[in-house]
>>> print(open('start27.cif').read())   # mmCIF, C-alpha atoms
data_target
#
loop_
_atom_site.label_atom_id
_atom_site.label_comp_id
_atom_site.auth_asym_id
_atom_site.auth_seq_id
_atom_site.Cartn_x
_atom_site.Cartn_y
_atom_site.Cartn_z
CA MET A 14 0.00 0.00 0.00
CA ASN A 15 1.24 3.49 -0.81
CA GLU A 16 1.00 4.53 2.88
CA PHE A 17 -2.63 5.67 2.45
CA GLN A 18 -1.71 8.38 -0.07
CA GLU A 19 -4.31 7.22 -2.60
CA TYR A 20 -6.63 9.91 -3.92
CA TYR A 21 -9.78 8.30 -2.49
CA TYR A 22 -8.27 8.52 1.02
CA SER A 23 -7.30 12.20 0.74
CA HIS A 24 -10.56 13.07 -1.10
CA PRO A 25 -13.19 10.58 0.22
CA TYR A 26 -16.08 12.71 -1.04
CA ALA A 27 -14.76 13.15 -4.60
CA ARG A 28 -17.17 11.77 -7.18
CA GLU A 29 -15.22 12.56 -10.36
CA LEU A 30 -11.56 12.74 -11.32
CA ASP A 31 -9.49 13.45 -14.42
CA THR A 32 -6.28 11.41 -14.52
CA PHE A 33 -3.95 9.53 -16.89
CA VAL A 34 -3.59 5.89 -17.96
CA LEU A 35 -0.27 4.42 -16.78
CA SER A 36 -0.76 0.88 -18.11
CA CYS A 37 -3.27 -1.34 -19.91
CA HIS A 38 -2.93 -5.11 -20.21
CA ALA A 39 -5.29 -7.80 -21.50
CA CYS A 40 -6.65 -10.22 -18.89
CA LYS A 41 -9.26 -12.97 -18.68
CA GLU A 42 -12.09 -10.54 -17.82
CA GLY A 43 -11.03 -7.85 -20.33
CA TYR A 44 -8.30 -5.32 -19.57
CA GLU A 45 -6.38 -4.36 -16.45
CA ILE A 46 -6.04 -0.57 -16.26
CA VAL A 47 -3.72 1.27 -13.87
CA LEU A 48 -4.25 5.03 -13.47
CA LYS A 49 -1.98 7.77 -12.13
CA ASP A 50 -4.60 8.55 -9.45
CA THR A 51 -7.93 6.95 -8.71
CA ILE A 52 -11.16 7.65 -6.83
CA PHE A 53 -12.11 3.96 -7.05
CA TYR A 54 -11.78 2.11 -3.76
CA PRO A 55 -10.49 -1.45 -4.35
CA GLU A 56 -12.14 -4.42 -2.67
CA GLY A 57 -10.59 -5.04 0.73
CA GLY A 58 -11.12 -5.19 4.47
CA GLY A 59 -14.63 -6.60 4.05
CA GLN A 60 -15.72 -3.64 1.88
CA PRO A 61 -16.64 -4.20 -1.79
CA CYS A 62 -15.02 -2.10 -4.49
CA ASP A 63 -16.54 1.04 -5.95
CA LYS A 64 -18.66 1.02 -9.09
CA GLY A 65 -18.63 3.58 -11.89
CA THR A 66 -17.08 4.42 -15.26
CA ILE A 67 -13.74 5.43 -16.76
CA GLN A 68 -14.13 7.43 -19.96
CA GLY A 69 -17.72 6.21 -20.09
CA ILE A 70 -16.69 2.53 -19.89
CA THR A 71 -18.17 0.51 -17.01
CA VAL A 72 -15.69 -0.56 -14.34
CA LEU A 73 -16.25 -4.28 -13.71
CA ASP A 74 -13.95 -4.68 -10.71
CA VAL A 75 -11.25 -2.88 -8.74
CA GLN A 76 -8.51 -4.84 -6.96
CA ARG A 77 -5.22 -4.05 -5.25
CA LYS A 78 -2.29 -5.99 -6.72
CA GLU A 79 0.91 -5.40 -4.75
CA ASP A 80 1.34 -1.61 -4.73
CA LYS A 81 -0.98 -0.94 -7.70
CA ILE A 82 -4.74 -0.49 -7.97
CA VAL A 83 -6.08 -2.36 -10.99
CA HIS A 84 -9.35 -1.45 -12.69
CA ILE A 85 -10.98 -4.15 -14.82
CA LEU A 86 -12.74 -2.92 -17.98
CA LYS A 87 -14.11 -4.71 -21.03
CA GLN A 88 -12.39 -2.25 -23.39
CA PRO A 89 -8.76 -1.05 -23.50
CA LEU A 90 -7.61 2.51 -22.89
CA PRO A 91 -4.62 4.08 -24.70
CA LEU A 92 -1.46 4.45 -22.65
CA GLY A 93 -0.94 8.03 -21.48
CA GLU A 94 -4.48 9.14 -22.37
CA LYS A 95 -6.27 11.58 -20.09
CA VAL A 96 -9.46 9.93 -18.84
CA HIS A 97 -12.50 11.03 -16.84
CA CYS A 98 -13.50 8.84 -13.88
CA VAL A 99 -16.97 8.86 -12.28
CA ILE A 100 -17.93 6.69 -9.31
CA ASN A 101 -21.42 5.53 -8.45
CA TRP A 102 -21.78 7.83 -5.47
CA GLU A 103 -24.92 6.24 -4.02
CA HIS A 104 -23.16 2.86 -3.97
CA ARG A 105 -20.03 4.36 -2.34
CA TYR A 106 -21.93 6.44 0.22
CA ASP A 107 -24.06 3.45 1.22
CA PHE A 108 -20.90 1.60 2.19
CA MET A 109 -19.43 4.66 3.95
CA GLN A 110 -22.58 4.98 6.07
CA ASN A 111 -22.81 1.26 6.78
CA HIS A 112 -19.10 0.78 7.48
CA THR A 113 -19.03 3.60 10.03
CA GLY A 114 -22.25 2.34 11.61
CA GLU A 115 -20.69 -1.10 12.01
CA HIS A 116 -17.60 0.42 13.66
CA ILE A 117 -19.73 2.10 16.33
CA PHE A 118 -21.75 -1.10 16.87
CA SER A 119 -18.67 -3.34 17.13
CA GLY A 120 -16.88 -0.84 19.35
CA LEU A 121 -19.81 -0.80 21.78
CA VAL A 122 -20.07 -4.60 21.85
CA LYS A 123 -16.38 -4.72 22.78
CA LYS A 124 -16.75 -1.92 25.35
CA LEU A 125 -19.91 -3.24 27.02
CA TYR A 126 -19.49 -7.01 26.81
CA GLY A 127 -15.86 -7.63 25.87
CA TYR A 128 -16.63 -9.52 22.65
CA SER A 129 -14.43 -8.95 19.61
CA ASN A 130 -15.67 -8.72 16.05
CA VAL A 131 -14.01 -11.76 14.44
CA GLY A 132 -15.76 -11.65 11.06
CA PHE A 133 -17.07 -8.85 8.87
CA HIS A 134 -18.77 -8.76 5.48
CA MET A 135 -20.57 -6.00 3.57
CA GLY A 136 -23.23 -7.19 1.12
CA GLU A 137 -27.02 -6.90 1.13
CA TYR A 138 -26.64 -6.49 4.88
CA ILE A 139 -23.66 -5.71 7.08
CA CYS A 140 -22.71 -9.02 8.68
CA ALA A 141 -20.64 -8.94 11.88
CA ASP A 142 -19.60 -12.03 13.87
CA PHE A 143 -18.87 -11.59 17.58
CA GLN A 144 -16.90 -14.06 19.67
CA GLY A 145 -19.49 -14.50 22.40
CA GLU A 146 -23.21 -14.96 23.01
CA LEU A 147 -25.32 -11.82 22.72
CA THR A 148 -28.94 -11.84 23.91
CA GLU A 149 -31.72 -9.85 22.25
CA GLU A 150 -31.69 -7.43 25.20
CA MET A 151 -27.92 -6.89 24.87
CA ILE A 152 -28.22 -6.23 21.13
CA GLN A 153 -31.09 -3.79 21.67
CA GLU A 154 -28.98 -1.86 24.19
CA VAL A 155 -26.08 -1.65 21.75
CA GLU A 156 -28.40 -0.50 18.97
CA ARG A 157 -29.87 2.20 21.22
CA ARG A 158 -26.40 3.52 22.08
CA VAL A 159 -25.23 3.40 18.45
CA ASN A 160 -28.06 5.69 17.41
CA HIS A 161 -27.31 8.10 20.24
CA ALA A 162 -23.74 8.28 18.92
CA ILE A 163 -25.10 8.96 15.43
CA TRP A 164 -27.38 11.76 16.60
CA ALA A 165 -24.50 13.34 18.55
CA ASN A 166 -22.85 14.01 15.14
CA LEU A 167 -19.38 13.10 16.38
CA SER A 168 -16.25 13.49 14.27
CA VAL A 169 -14.85 10.38 12.60
CA ASN A 170 -11.08 10.81 12.74
CA GLU A 171 -8.08 9.11 11.16
CA ILE A 172 -4.87 8.41 13.07
CA PHE A 173 -1.80 7.28 11.12
CA CYS A 174 0.97 5.70 13.14
CA THR A 175 4.17 3.76 12.62
CA PRO A 176 4.77 0.36 14.27
CA SER A 177 6.65 2.11 17.10
CA GLU A 178 3.70 4.43 17.73
CA THR A 179 0.84 1.91 17.80
CA GLY A 180 1.52 1.08 21.45
CA LYS A 181 0.18 4.49 22.42
CA TYR A 182 -3.34 3.49 21.37
CA GLU A 183 -5.84 0.84 22.44
CA TYR A 184 -7.61 -0.14 19.24
CA ARG A 185 -9.39 -3.09 17.69
CA SER A 186 -7.46 -5.06 15.07
CA LYS A 187 -7.80 -8.57 13.62
CA ILE A 188 -4.34 -8.82 12.02
CA GLU A 189 -0.74 -7.82 12.49
CA ILE A 190 0.01 -4.73 10.38
CA ALA A 191 3.39 -3.95 8.84
CA GLY A 192 4.13 -0.34 8.04
CA ILE A 193 1.73 2.51 8.66
CA THR A 194 -1.46 1.69 10.59
CA ARG A 195 -4.61 3.69 9.87
CA ILE A 196 -6.85 3.87 12.93
CA VAL A 197 -10.42 5.12 12.53
CA SER A 198 -11.45 6.79 15.77
CA ILE A 199 -14.88 7.85 17.08
CA ASP A 200 -14.34 9.43 20.48
CA GLY A 201 -15.93 7.46 23.31
CA TYR A 202 -17.14 4.65 21.05
CA ASP A 203 -14.47 3.00 18.95
CA MET A 204 -10.88 2.90 17.74
CA CYS A 205 -10.21 0.33 15.03
CA ALA A 206 -7.46 -0.33 12.49
CA CYS A 207 -9.21 -0.06 9.15
CA CYS A 208 -8.47 0.62 5.48
CA GLY A 209 -12.13 1.18 4.50
CA MET A 210 -14.11 4.28 3.57
CA HIS A 211 -16.02 6.23 6.22
CA VAL A 212 -18.17 9.32 6.65
CA SER A 213 -16.56 12.33 8.33
CA HIS A 214 -19.29 12.76 10.99
CA THR A 215 -21.58 10.18 12.60
CA GLY A 216 -24.68 12.29 11.87
CA GLU A 217 -24.31 11.36 8.19
CA ILE A 218 -25.21 7.77 9.09
CA GLY A 219 -28.74 8.88 10.00
CA VAL A 220 -29.88 5.66 11.65
CA CYS A 221 -28.58 2.17 12.40
CA LYS A 222 -30.94 -0.80 12.64
CA VAL A 223 -30.32 -4.42 13.62
CA ILE A 224 -32.15 -6.57 11.07
CA ASN A 225 -31.56 -9.97 12.61
CA PHE A 226 -29.14 -12.03 14.69
CA GLU A 227 -28.36 -15.70 15.17
CA LYS A 228 -26.18 -17.74 17.48
CA THR A 229 -23.71 -20.21 15.97
CA GLY A 230 -21.81 -22.15 18.59
CA ASN A 231 -20.29 -19.62 21.00
CA LYS A 232 -20.54 -16.82 18.43
CA THR A 233 -23.29 -14.36 17.55
CA ARG A 234 -23.85 -13.14 14.00
CA VAL A 235 -25.57 -9.75 13.72
CA LEU A 236 -27.04 -8.30 10.52
CA LEU A 237 -27.11 -4.50 10.39
CA LEU A 238 -28.18 -1.70 8.09
CA SER A 239 -27.37 1.99 8.33
CA GLY A 240 -28.14 5.15 6.40
CA ARG A 241 -30.19 5.06 3.22
CA LYS A 242 -30.33 1.27 3.18
CA ALA A 243 -31.75 1.24 6.71
CA PHE A 244 -34.32 3.88 5.75
CA ASP A 245 -35.37 1.92 2.64
CA TYR A 246 -35.67 -1.27 4.69
CA LEU A 247 -37.73 0.37 7.43
CA ASN A 248 -39.91 2.11 4.82
CA HIS A 249 -40.60 -1.27 3.19
CA ILE A 250 -41.50 -2.74 6.58
CA GLN A 251 -43.84 0.19 7.25
CA GLN A 252 -45.58 -0.27 3.89
CA GLU A 253 -46.07 -3.99 4.55
CA ASN A 254 -47.38 -3.28 8.05
CA SER A 255 -49.79 -0.72 6.63
CA LYS A 256 -51.20 -3.29 4.19
CA ILE A 257 -51.54 -5.87 6.95
CA SER A 258 -53.20 -3.41 9.34
CA LYS A 259 -55.80 -2.56 6.68
CA LEU A 260 -56.47 -6.25 6.02
CA LEU A 261 -56.92 -6.86 9.73
CA SER A 262 -58.72 -3.54 10.39
CA ALA A 263 -56.20 -2.97 13.17
CA ASN A 264 -54.04 -0.11 14.38
CA PRO A 265 -50.52 -0.47 12.86
CA LEU A 266 -49.06 -0.55 16.40
CA GLU A 267 -51.41 -3.37 17.42
CA ILE A 268 -50.83 -5.79 14.53
CA SER A 269 -49.31 -8.56 16.67
CA SER A 270 -52.40 -8.61 18.91
CA ALA A 271 -54.69 -8.72 15.86
CA VAL A 272 -52.67 -11.56 14.30
CA SER A 273 -52.79 -13.45 17.61
CA ASP A 274 -56.59 -13.09 17.68
CA LEU A 275 -56.81 -14.23 14.06
CA GLY A 276 -54.63 -17.22 14.86
CA GLN A 277 -56.87 -18.20 17.74
CA ARG A 278 -59.97 -17.88 15.55
CA TYR A 279 -58.27 -20.14 13.01
CA LEU A 280 -57.51 -22.74 15.68
CA ASP A 281 -61.11 -22.59 16.91
CA LEU A 282 -62.39 -22.97 13.35
CA GLN A 283 -60.00 -25.85 12.71
CA LYS A 284 -61.24 -27.56 15.87
CA SER A 285 -64.88 -27.11 14.82
CA TYR A 286 -64.07 -28.38 11.31
CA ARG A 287 -62.37 -31.48 12.71
CA GLN A 288 -65.28 -32.19 15.03
CA LEU A 289 -67.77 -31.85 12.17
CA SER A 290 -65.73 -33.93 9.70
CA THR A 291 -65.23 -36.62 12.37
CA GLU A 292 -68.98 -36.77 13.02
CA ILE A 293 -69.67 -37.10 9.28
CA ILE A 294 -67.00 -39.75 8.67
CA LEU A 295 -68.04 -41.81 11.72
CA LYS A 296 -71.66 -41.71 10.56
CA ASP A 297 -70.52 -43.29 7.28
CA ALA A 298 -68.32 -45.80 9.14
CA LYS A 299 -71.27 -47.07 11.14
CA GLN A 300 -73.22 -47.80 7.92
CA ILE A 301 -70.40 -49.58 6.03
CA PRO A 302 -71.07 -53.26 5.33
CA MET A 303 -68.55 -55.85 6.51
CA HIS A 304 -65.71 -56.79 4.11
CA ASP A 305 -62.14 -58.00 4.55
CA SER A 306 -60.73 -54.91 2.85
CA ILE A 307 -62.42 -51.58 2.11
CA LEU A 308 -61.56 -48.38 0.28
CA TYR A 309 -63.31 -45.22 1.45
CA THR A 310 -62.97 -41.82 -0.26
CA ALA A 311 -63.56 -38.86 2.06
CA LEU A 312 -64.67 -35.51 0.73
CA LEU A 313 -63.24 -33.44 3.58
CA ALA A 314 -60.79 -35.00 6.01
CA ASP A 315 -57.35 -34.53 7.51
CA TYR A 316 -55.01 -37.30 8.66
CA GLU A 317 -56.38 -37.30 12.20
CA THR A 318 -59.98 -37.71 11.01
CA MET A 319 -58.93 -40.41 8.52
CA ARG A 320 -57.21 -42.34 11.31
CA VAL A 321 -60.39 -42.08 13.42
CA PHE A 322 -62.34 -43.70 10.56
CA CYS A 323 -59.77 -46.49 10.16
CA ASN A 324 -59.65 -47.24 13.88
CA TYR A 325 -63.44 -47.46 14.07
CA CYS A 326 -63.61 -49.88 11.11
CA ILE A 327 -60.77 -52.04 12.47
CA LYS A 328 -62.54 -52.32 15.83
CA LYS A 329 -65.71 -53.15 13.92
CA GLY A 330 -63.93 -56.22 12.52
CA ILE A 331 -62.77 -55.12 9.06
CA SER A 332 -59.22 -56.42 8.47
CA THR A 333 -57.82 -53.73 6.14
CA VAL A 334 -59.06 -50.16 5.77
CA MET A 335 -57.84 -47.54 3.28
CA VAL A 336 -59.08 -43.95 3.36
CA ILE A 337 -58.26 -41.48 0.58
CA ALA A 338 -58.92 -37.72 0.62
CA LYS A 339 -58.10 -34.91 -1.81
CA ASN A 340 -55.32 -32.54 -0.74
CA GLU A 341 -53.15 -29.78 -2.22
CA ILE A 342 -50.67 -32.26 -3.76
CA GLY A 343 -53.10 -34.82 -5.09
CA TYR A 344 -54.41 -37.32 -2.57
CA ALA A 345 -53.66 -38.16 1.03
CA TYR A 346 -54.05 -41.73 2.24
CA VAL A 347 -54.24 -43.57 5.54
CA ILE A 348 -54.11 -47.39 5.64
CA MET A 349 -54.57 -49.67 8.66
CA SER A 350 -54.48 -53.46 8.67
CA LYS A 351 -54.59 -56.36 11.08
CA ASN A 352 -53.33 -59.04 8.66
CA VAL A 353 -50.88 -57.16 6.36
CA ASP A 354 -47.41 -56.10 7.51
CA LEU A 355 -47.56 -52.57 6.13
CA GLN A 356 -43.96 -51.86 7.07
CA SER A 357 -42.77 -54.52 4.62
CA ILE A 358 -44.56 -52.98 1.62
CA ARG A 359 -44.38 -49.29 2.47
CA ALA A 360 -41.28 -48.39 0.44
CA GLU A 361 -42.40 -50.14 -2.73
CA PHE A 362 -45.97 -48.88 -2.34
CA ASN A 363 -44.81 -45.25 -2.02
CA THR A 364 -42.51 -45.65 -5.03
CA ARG A 365 -45.34 -46.96 -7.22
CA ILE A 366 -47.72 -44.12 -6.40
CA HIS A 367 -45.02 -41.39 -6.14
CA ALA A 368 -45.77 -40.80 -2.49
CA LYS A 369 -44.04 -39.43 0.57
CA GLY A 370 -45.09 -40.92 3.85
CA GLY A 371 -44.30 -43.07 6.84
CA GLY A 372 -45.78 -45.45 9.35
CA ASN A 373 -45.27 -48.85 10.96
CA GLY A 374 -46.43 -52.45 10.56
CA GLU A 375 -50.08 -51.65 11.39
CA MET A 376 -50.56 -48.14 9.93
CA MET A 377 -49.12 -45.99 7.20
CA GLN A 378 -50.02 -42.61 5.74
CA GLY A 379 -48.76 -40.14 3.17
CA SER A 380 -49.46 -37.89 0.18
CA CYS A 381 -49.13 -38.75 -3.49
CA THR A 382 -49.90 -37.62 -7.03
CA ALA A 383 -51.54 -40.90 -8.08
CA THR A 384 -55.29 -41.31 -8.62
CA PRO A 385 -57.50 -43.26 -6.17
CA THR A 386 -57.65 -46.15 -8.68
CA GLU A 387 -53.84 -46.21 -9.00
CA ILE A 388 -53.46 -46.16 -5.22
CA SER A 389 -55.89 -49.06 -4.79
CA ASP A 390 -54.33 -51.10 -7.64
CA ALA A 391 -50.81 -50.63 -6.23
CA PHE A 392 -51.92 -51.85 -2.80
CA SER A 393 -53.79 -54.84 -4.22
CA THR A 394 -50.83 -55.84 -6.39
CA LEU A 395 -48.45 -55.82 -3.42
CA THR A 396 -50.78 -57.50 -0.88
CA GLY A 397 -53.24 -59.56 -2.94
CA ALA A 398 -56.10 -57.83 -1.11
CA THR A 399 -59.32 -57.08 -3.00
CA MET A 400 -60.43 -53.60 -2.05
CA HIS A 401 -64.18 -53.09 -1.79
CA ILE A 402 -65.16 -49.51 -2.61
CA VAL A 403 -67.62 -48.32 0.03
CA SER A 404 -68.01 -44.68 -0.96
#
>>> encode(input="start27.cif", output="structure tokens")
Amino acid sequence: MNEFQEYYYSHPYARELDTFVLSCHACKEGYEIVLKDTIFYPEGGGQPCDKGTIQGITVLDVQRKEDKIVHILKQPLPLGEKVHCVINWEHRYDFMQNHTGEHIFSGLVKKLYGYSNVGFHMGEYICADFQGELTEEMIQEVERRVNHAIWANLSVNEIFCTPSETGKYEYRSKIEIAGITRIVSIDGYDMCACCGMHVSHTGEIGVCKVINFEKTGNKTRVLLLSGRKAFDYLNHIQQENSKISKLLSANPLEISSAVSDLGQRYLDLQKSYRQLSTEIILKDAKQIPMHDSILYTALLADYETMRVFCNYCIKKGISTVMVIAKNEIGYAYVIMSKNVDLQSIRAEFNTRIHAKGGGNGEMMQGSCTATPTEISDAFSTLTGATMHIVS
């Protein structure tokens, strides 16, 4: 690295730059272009590279190779030519806002709970891995403090120090650094060795929001958004909540209570439906004539109701009972038998009717795409049973 003398470090808010082409070489992706100066930040430190154009040509990638910054373009540029560079500012500023927001968050986690950030990635969300277990309450407290730091509009400062000077500072760092160390400092919240791009004041971040978190082993992964991306996300959530509140005729701040009530009504309705379908199916079961093996097609039934029918018929003295009912896949089936080992035929039976299901030696159930006739024929072929259709 050229000791942080690159143009994008000294002019982090520059959106355009006129410079000269120092080299141009063909590569697998197109052409590798090296410029005298550049406003394009190369991928590194968990931060993606900048997007934009050079002389109107789209920049596909920007990478650091040894002490050079290489821009990948599909078209070549003449050596020594003066070129005009334009970065996608919205893309750059999104990462500046989000990177600084993550610094404050990670600094507070370290300060409050002693957990280091051991993994960092900037993509659709800002992903930060902490070496310890964080509860929802702990994360909420960090988020609250991060936003207070944002609203305080604190300065985001850079400290450059040689290896002999680094001992003067207590800062976060994941790797040993040779040469000059760039420390990004936010007074009272964080000091971290970093080569990424940041805003100059915390107020530019606007807001920081935790999107989700998950525990993996003894680590906690936190997904964050700051700035415009956080606003867009929260706006989308608000729009969805507004739609749901209108559908439920509920206050937007009382949606969870309305959903809970709706869920309970659904459970009550499901219970009533099961009671009614059981009454109907048992009424049919009582009128079924005696046979060794029967096939009954139910109009409305779930697995529990179908098992009730089978149990009643088995107790009545029928040896083998098959119930079939229409479902969202095709047909659901439940089979019970006193004289057929259903476990021994289950795999082949399910293969023949393209079914998924399980069971044991006395009962099996599942769903399939076969027709009732195909289901019955497959069972008869495997067991030798003659199924008497009773509905």
>>> axis_aligned_box(input="start27.cif", around="range 196-205 of chain A", padding_each_side="6 Å", output="JSON")
{"center_x": -12.0, "center_y": 4.9, "center_z": 17.9, "size_x": 22.3, "size_y": 21.1, "size_z": 22.8}
>>> closest_residue(input="start27.cif", among="A:Thr148, A:Gln288, A:Gln378, A:Thr113", to="Ser168 in chain A", atoms="all atoms listed in the file")
A:Thr113
>>> residues_around(input="start27.cif", residues="range 174-189 of chain A", least_positions_apart="6", cutoff="9 Å", atoms="all atoms listed in the file", output="PyMOL selection string")
chain A and resi 120+123+129-132+195-198+203-207
>>> closest_residue(input="start27.cif", among="A:Val353, A:Asp297, A:Lys228, A:Thr386", to="Asn373 in chain A", atoms="only C-alpha atoms")
A:Val353
>>> resolve_selection(input="start27.cif", expression="the PyMOL selection byres ((chain A and resi 217) around 10)", output="list in words")
Tyr106, Met109, Gln110, Thr113, Gly114, Ile163, Trp164, Asn166, Leu167, His211, Val212, Ser213, His214, Thr215, Gly216, Ile218, Gly219, Val220, Ser239, Gly240 and Arg241 of chain A
>>> write_last_selection(input="start27.cif", atoms="C-alpha atoms", output="PDB file, keeping the file's coordinate frame")
ATOM      1  CA  TYR A 106     -21.930   6.440   0.220  1.00  0.00           C
ATOM      2  CA  MET A 109     -19.430   4.660   3.950  1.00  0.00           C
ATOM      3  CA  GLN A 110     -22.580   4.980   6.070  1.00  0.00           C
ATOM      4  CA  THR A 113     -19.030   3.600  10.030  1.00  0.00           C
ATOM      5  CA  GLY A 114     -22.250   2.340  11.610  1.00  0.00           C
ATOM      6  CA  ILE A 163     -25.100   8.960  15.430  1.00  0.00           C
ATOM      7  CA  TRP A 164     -27.380  11.760  16.600  1.00  0.00           C
ATOM      8  CA  ASN A 166     -22.850  14.010  15.140  1.00  0.00           C
ATOM      9  CA  LEU A 167     -19.380  13.100  16.380  1.00  0.00           C
ATOM     10  CA  HIS A 211     -16.020   6.230   6.220  1.00  0.00           C
ATOM     11  CA  VAL A 212     -18.170   9.320   6.650  1.00  0.00           C
ATOM     12  CA  SER A 213     -16.560  12.330   8.330  1.00  0.00           C
ATOM     13  CA  HIS A 214     -19.290  12.760  10.990  1.00  0.00           C
ATOM     14  CA  THR A 215     -21.580  10.180  12.600  1.00  0.00           C
ATOM     15  CA  GLY A 216     -24.680  12.290  11.870  1.00  0.00           C
ATOM     16  CA  ILE A 218     -25.210   7.770   9.090  1.00  0.00           C
ATOM     17  CA  GLY A 219     -28.740   8.880  10.000  1.00  0.00           C
ATOM     18  CA  VAL A 220     -29.880   5.660  11.650  1.00  0.00           C
ATOM     19  CA  SER A 239     -27.370   1.990   8.330  1.00  0.00           C
ATOM     20  CA  GLY A 240     -28.140   5.150   6.400  1.00  0.00           C
ATOM     21  CA  ARG A 241     -30.190   5.060   3.220  1.00  0.00           C
TER      22      ARG A 241
END
>>> resolve_selection(input="start27.cif", expression="the PyMOL selection byres ((chain A and resi 330-335) around 9)", output="ChimeraX atom specification")
/A:303-310,319,322-329,336-337,346-353,389,398,400
>>> closest_residue(input="start27.cif", among="A:Arg234, A:Thr71, A:His249, A:Lys256", to="Ser119 in chain A", atoms="all atoms listed in the file")
A:Arg234
>>> resolve_selection(input="start27.cif", expression="the PyMOL selection byres ((chain A and resi 154) around 12)", output="compact mmCIF listing (two decimals) with C-alpha atoms, in the coordinates of the input")
# COMPACT_ATOMS: atom_id res chain seq x y z
CA PHE A 118 -21.75 -1.10 16.87
CA LEU A 121 -19.81 -0.80 21.78
CA VAL A 122 -20.07 -4.60 21.85
CA LEU A 125 -19.91 -3.24 27.02
CA TYR A 126 -19.49 -7.01 26.81
CA LEU A 147 -25.32 -11.82 22.72
CA THR A 148 -28.94 -11.84 23.91
CA GLU A 149 -31.72 -9.85 22.25
CA GLU A 150 -31.69 -7.43 25.20
CA MET A 151 -27.92 -6.89 24.87
CA ILE A 152 -28.22 -6.23 21.13
CA GLN A 153 -31.09 -3.79 21.67
CA VAL A 155 -26.08 -1.65 21.75
CA GLU A 156 -28.40 -0.50 18.97
CA ARG A 157 -29.87 2.20 21.22
CA ARG A 158 -26.40 3.52 22.08
CA VAL A 159 -25.23 3.40 18.45
CA ASN A 160 -28.06 5.69 17.41
CA HIS A 161 -27.31 8.10 20.24
CA LYS A 222 -30.94 -0.80 12.64
CA VAL A 223 -30.32 -4.42 13.62
>>> atom_distance(input="start27.cif", atom1="CA of Ser380 in chain A", atom2="CA of Gln277 in chain A")
27.4 Å
>>> residues_around(input="start27.cif", residues="range 28-38 of chain A", least_positions_apart="2", cutoff="6 Å", atoms="all atoms listed in the file", output="list of chain:residue names")
A:Tyr44, A:Glu45, A:Ile46, A:Val47, A:Leu48, A:Lys49, A:Leu92, A:Gly93, A:Glu94, A:Lys95, A:Val96, A:His97, A:Cys98, A:Val99, A:Ile100
>>> residues_around(input="start27.cif", residues="Thr394 in chain A", least_positions_apart="6", cutoff="12 Å", atoms="all atoms listed in the file", output="PyMOL selection string")
chain A and resi 358+361-362+365+387-388+400
>>> closest_residue(input="start27.cif", among="A:Asn363, A:Lys124, A:Leu355, A:Leu247", to="Glu375 in chain A", atoms="all atoms listed in the file")
A:Leu355
>>> atom_distance(input="start27.cif", atom1="CA of Thr194 in chain A", atom2="CA of Phe173 in chain A")
5.6 Å
>>> residues_around(input="start27.cif", residues="Lys339 in chain A", least_positions_apart="2", cutoff="10 Å", atoms="only C-alpha atoms", output="list in words")
Thr310, Ala311, Leu312, Leu313, Ala314, Asp315, Ile337, Glu341, Ile342, Gly343, Tyr344, Ala345, Tyr346, Ser380, Cys381, Thr384 and Pro385 of chain A
>>> atom_distance(input="start27.cif", atom1="CA of Asp142 in chain A", atom2="CA of Gly230 in chain A")
11.4 Å
>>> residues_around(input="start27.cif", residues="Gly371 in chain A", least_positions_apart="3", cutoff="10 Å", atoms="all atoms listed in the file", output="ChimeraX atom specification")
/A:356,359-360,363,368,376-380
>>> closest_residue(input="start27.cif", among="A:Leu90, A:Ala298, A:Val72, A:Ala383", to="Asn340 in chain A", atoms="only C-alpha atoms")
A:Ala383
>>> residues_near_point(input="start27.cif", point="(-15.0, -7.9, 1.3)", cutoff="12 Å", atoms="only C-alpha atoms", output="list of chain:residue names")
A:Tyr54, A:Pro55, A:Glu56, A:Gly57, A:Gly58, A:Gly59, A:Gln60, A:Pro61, A:Cys62, A:Asp63, A:Val75, A:Gln76, A:Phe108, A:His112, A:Gly132, A:Phe133, A:His134, A:Met135, A:Gly136, A:Ile139, A:Cys140, A:Cys208, A:Gly209
